[in-house]
Structures are given as structure tokens and as C-alpha cells.
$ cat run.cif   # mmCIF, C-alpha atoms and all ligand atoms
data_protein
loop_
_atom_site.label_atom_id
_atom_site.label_comp_id
_atom_site.auth_asym_id
_atom_site.auth_seq_id
_atom_site.Cartn_x
_atom_site.Cartn_y
_atom_site.Cartn_z
CA MET J 26 -2.65 108.26 132.50
CA SER J 27 -5.80 109.68 131.01
CA SER J 28 -7.08 109.63 127.46
CA ILE J 29 -8.73 112.43 125.55
CA ASP J 30 -10.86 112.72 122.44
CA ALA J 31 -8.58 114.02 119.69
CA GLY J 32 -11.08 114.58 116.89
CA PRO J 33 -12.37 112.53 113.97
CA ALA J 34 -10.18 109.62 112.97
CA ASP J 35 -10.68 110.36 109.28
CA GLY J 36 -9.00 113.75 109.83
CA VAL J 37 -5.62 112.01 109.64
CA PRO J 38 -4.77 111.26 106.00
CA VAL J 39 -2.94 108.12 104.91
CA ARG J 40 0.84 108.84 104.87
CA GLY J 41 0.07 112.17 106.46
CA ALA J 42 -0.41 113.84 109.81
CA ARG J 43 -2.63 116.17 111.75
CA VAL J 44 -1.49 118.40 114.59
CA LEU J 45 -3.43 119.01 117.74
CA LYS J 46 -2.67 120.81 120.92
CA ALA J 47 -3.13 118.87 124.13
CA GLY J 48 -1.66 119.28 127.56
CA GLY J 49 0.02 122.48 126.37
CA ILE J 50 2.07 120.78 123.65
CA GLU J 51 1.68 120.20 119.94
CA ILE J 52 1.21 116.58 119.08
CA ALA J 53 1.36 115.18 115.56
CA VAL J 54 -0.87 112.20 114.85
CA PHE J 55 0.38 110.18 111.86
CA ARG J 56 -1.22 107.51 109.73
CA THR J 57 1.06 105.10 107.90
CA GLY J 58 0.44 103.71 104.43
CA ASP J 59 -1.04 100.56 105.97
CA GLY J 60 -3.42 102.57 108.14
CA ARG J 61 -1.72 102.44 111.56
CA LEU J 62 -1.82 105.47 113.84
CA PHE J 63 1.08 106.95 115.81
CA ALA J 64 1.50 110.12 117.83
CA LEU J 65 4.69 112.07 118.52
CA ARG J 66 5.45 115.46 119.92
CA ASP J 67 5.62 117.67 116.82
CA ARG J 68 9.28 118.53 117.34
CA CYS J 69 12.23 116.89 115.73
CA PRO J 70 14.91 115.87 118.25
CA HIS J 71 17.49 117.58 116.02
CA ARG J 72 16.38 121.24 115.92
CA GLU J 73 12.67 121.07 116.64
CA GLY J 74 11.51 120.82 113.02
CA PRO J 75 7.80 120.13 112.51
CA LEU J 76 7.65 116.37 112.03
CA SER J 77 3.98 116.68 111.03
CA GLN J 78 5.18 118.20 107.75
CA GLY J 79 7.58 115.39 107.04
CA LEU J 80 7.33 112.48 104.68
CA VAL J 81 5.78 109.32 106.15
CA HIS J 82 7.28 106.05 104.87
CA GLY J 83 6.99 102.60 106.42
CA ASN J 84 7.14 103.07 110.23
CA CYS J 85 9.05 106.33 109.93
CA VAL J 86 8.79 110.04 109.17
CA THR J 87 11.55 112.08 107.57
CA CYS J 88 11.92 115.54 109.06
CA PRO J 89 11.32 118.29 106.48
CA LEU J 90 14.24 120.41 107.71
CA HIS J 91 17.40 118.29 107.60
CA GLU J 92 16.01 114.87 106.79
CA TRP J 93 16.59 113.01 110.01
CA VAL J 94 14.47 109.86 110.02
CA ILE J 95 12.35 109.30 113.14
CA ASP J 96 10.84 105.94 114.03
CA LEU J 97 7.12 106.48 114.67
CA THR J 98 6.90 103.45 116.95
CA THR J 99 9.49 104.78 119.43
CA GLY J 100 10.08 108.48 118.68
CA GLU J 101 13.79 107.67 118.27
CA ALA J 102 16.02 108.93 115.50
CA VAL J 103 17.17 106.13 113.21
CA GLY J 104 20.98 105.72 113.14
CA PRO J 105 23.45 107.28 112.60
CA ASP J 106 21.53 110.17 114.21
CA GLU J 107 20.70 110.10 117.91
CA GLY J 108 17.83 111.69 119.76
CA ARG J 109 14.26 111.06 120.75
CA THR J 110 10.96 112.90 120.81
CA ASP J 111 8.02 112.07 123.07
CA ARG J 112 5.66 109.40 121.87
CA PHE J 113 2.02 108.95 122.90
CA ASP J 114 -0.46 106.12 122.59
CA VAL J 115 -3.18 106.85 120.05
CA TRP J 116 -6.01 104.65 118.79
CA GLU J 117 -9.34 104.80 117.02
CA GLU J 118 -12.62 104.26 118.83
CA GLY J 119 -15.99 104.66 117.15
CA GLY J 120 -14.55 106.85 114.41
CA ARG J 121 -12.80 109.15 116.89
CA LEU J 122 -9.15 109.40 117.87
CA ARG J 123 -8.23 108.72 121.47
CA LEU J 124 -4.93 109.98 122.75
CA ARG J 125 -3.32 108.98 126.03
CA LEU J 126 -1.48 111.75 127.81
CA PRO J 127 0.73 111.47 130.85
CA ASP J 128 -0.97 112.78 133.98
CA GLU J 129 0.12 116.25 134.98
S1 LIG J 201 15.20 119.73 112.66
FE1 LIG J 201 14.67 117.77 111.98
S2 LIG J 201 16.37 117.08 110.91
FE2 LIG J 201 16.97 119.03 111.67
#

$ encode --input "run.cif" --output "C-alpha cells"
Amino acid sequence: MSSIDAGPADGVPVRGARVLKAGGIEIAVFRTGDGRLFALRDRCPHREGPLSQGLVHGNCVTCPLHEWVIDLTTGEAVGPDEGRTDRFDVWEEGGRLRLRLPDE
């Protein structure tokens, strides 16, 4: 596992997201209302909707397309829906975002 610099930490708004491309995929970095950071592949497990454009609430994001709710801590759809998107470790270090990607 290696980590990369993913830009300025203040580029991710509270209850919002920022998308970056890393390792050939689009990754959405989210910040919850209480300031925690999470990163998921920017594709809903339902029909690949852009989760980065969803509504962030609590530990979850609601997909903008058909309103599936995805748990930011696991990438899993919250019941009754079933599915999962990839999740990545993300943290802040010296005002920058660090993102851990699986090794190729
Ligand atoms: S694509 Fe996300 S709920 Fe359908």
C-alpha cells in the first residue's frame, strides 16, 4: 500500500466532496458535518451514479440518481439495498490530504 498527496485538505467542503483521479480511477473525498474525511470510488454500486454529487448526512451519502444511501465508513449500501463501492483510507497531514491506494 502506498499513499499519495491528494491536494489541499481545505479543498473538501464540510458536507461536500471533491473528486480526484488516482490510479486510473475517480475517487470522491468526502467531509462529514463533524469534519471527518472519507474516500470512496466515485461510482454508486447501483448504476454508477456520481456519489460525489450526493447529499452527505451523518456517516452516509445519498446518491443523486436514485437515492441509495451509501455508508462512507464501509462503502456499503445501507439496507434494504445491497452493493458496495471501493473505499480508501484518507487523512489530513500538514494541511494536505493523504490517500492510500492499493498497490498495482
Ligand atoms: S445510481 Fe446511485 S442510486 Fe442508482

$ closest_residue --input "run.cif" --among "J:Thr87, J:Trp116, J:Leu65, J:Asp128" --to "Thr99 in chain J" --atoms "all atoms listed in the file"
J:Leu65

$ residues_near_ligand --input "run.cif" --ligand "ligand LIG 201 (chain J)" --cutoff "12 Å" --atoms "all atoms listed in the file" --output "number ranges by chain"
J: 67-80, 86-95, 101-103, 106-110

$ residues_around --input "run.cif" --residues "Leu124 in chain J" --least-positions-apart "6" --cutoff "9 Å" --atoms "all atoms listed in the file" --output "JSON, numbers by chain"
{"J": [27, 28, 29, 30, 31, 64, 113, 114, 115, 116, 117]}

$ atom_distance --input "run.cif" --atom1 "CA of Leu126 in chain J" --atom2 "CA of Ala34 in chain J"
17.3 Å

$ closest_residue --input "run.cif" --among "J:Pro33, J:Gly41, J:Gly104, J:Gly120" --to "Thr57 in chain J" --atoms "only C-alpha atoms"
J:Gly41

$ atom_distance --input "run.cif" --atom1 "CA of Gly119 in chain J" --atom2 "CA of Gly32 in chain J"
11.1 Å

$ atom_distance --input "run.cif" --atom1 "CA of His82 in chain J" --atom2 "CA of Asp35 in chain J"
19.0 Å
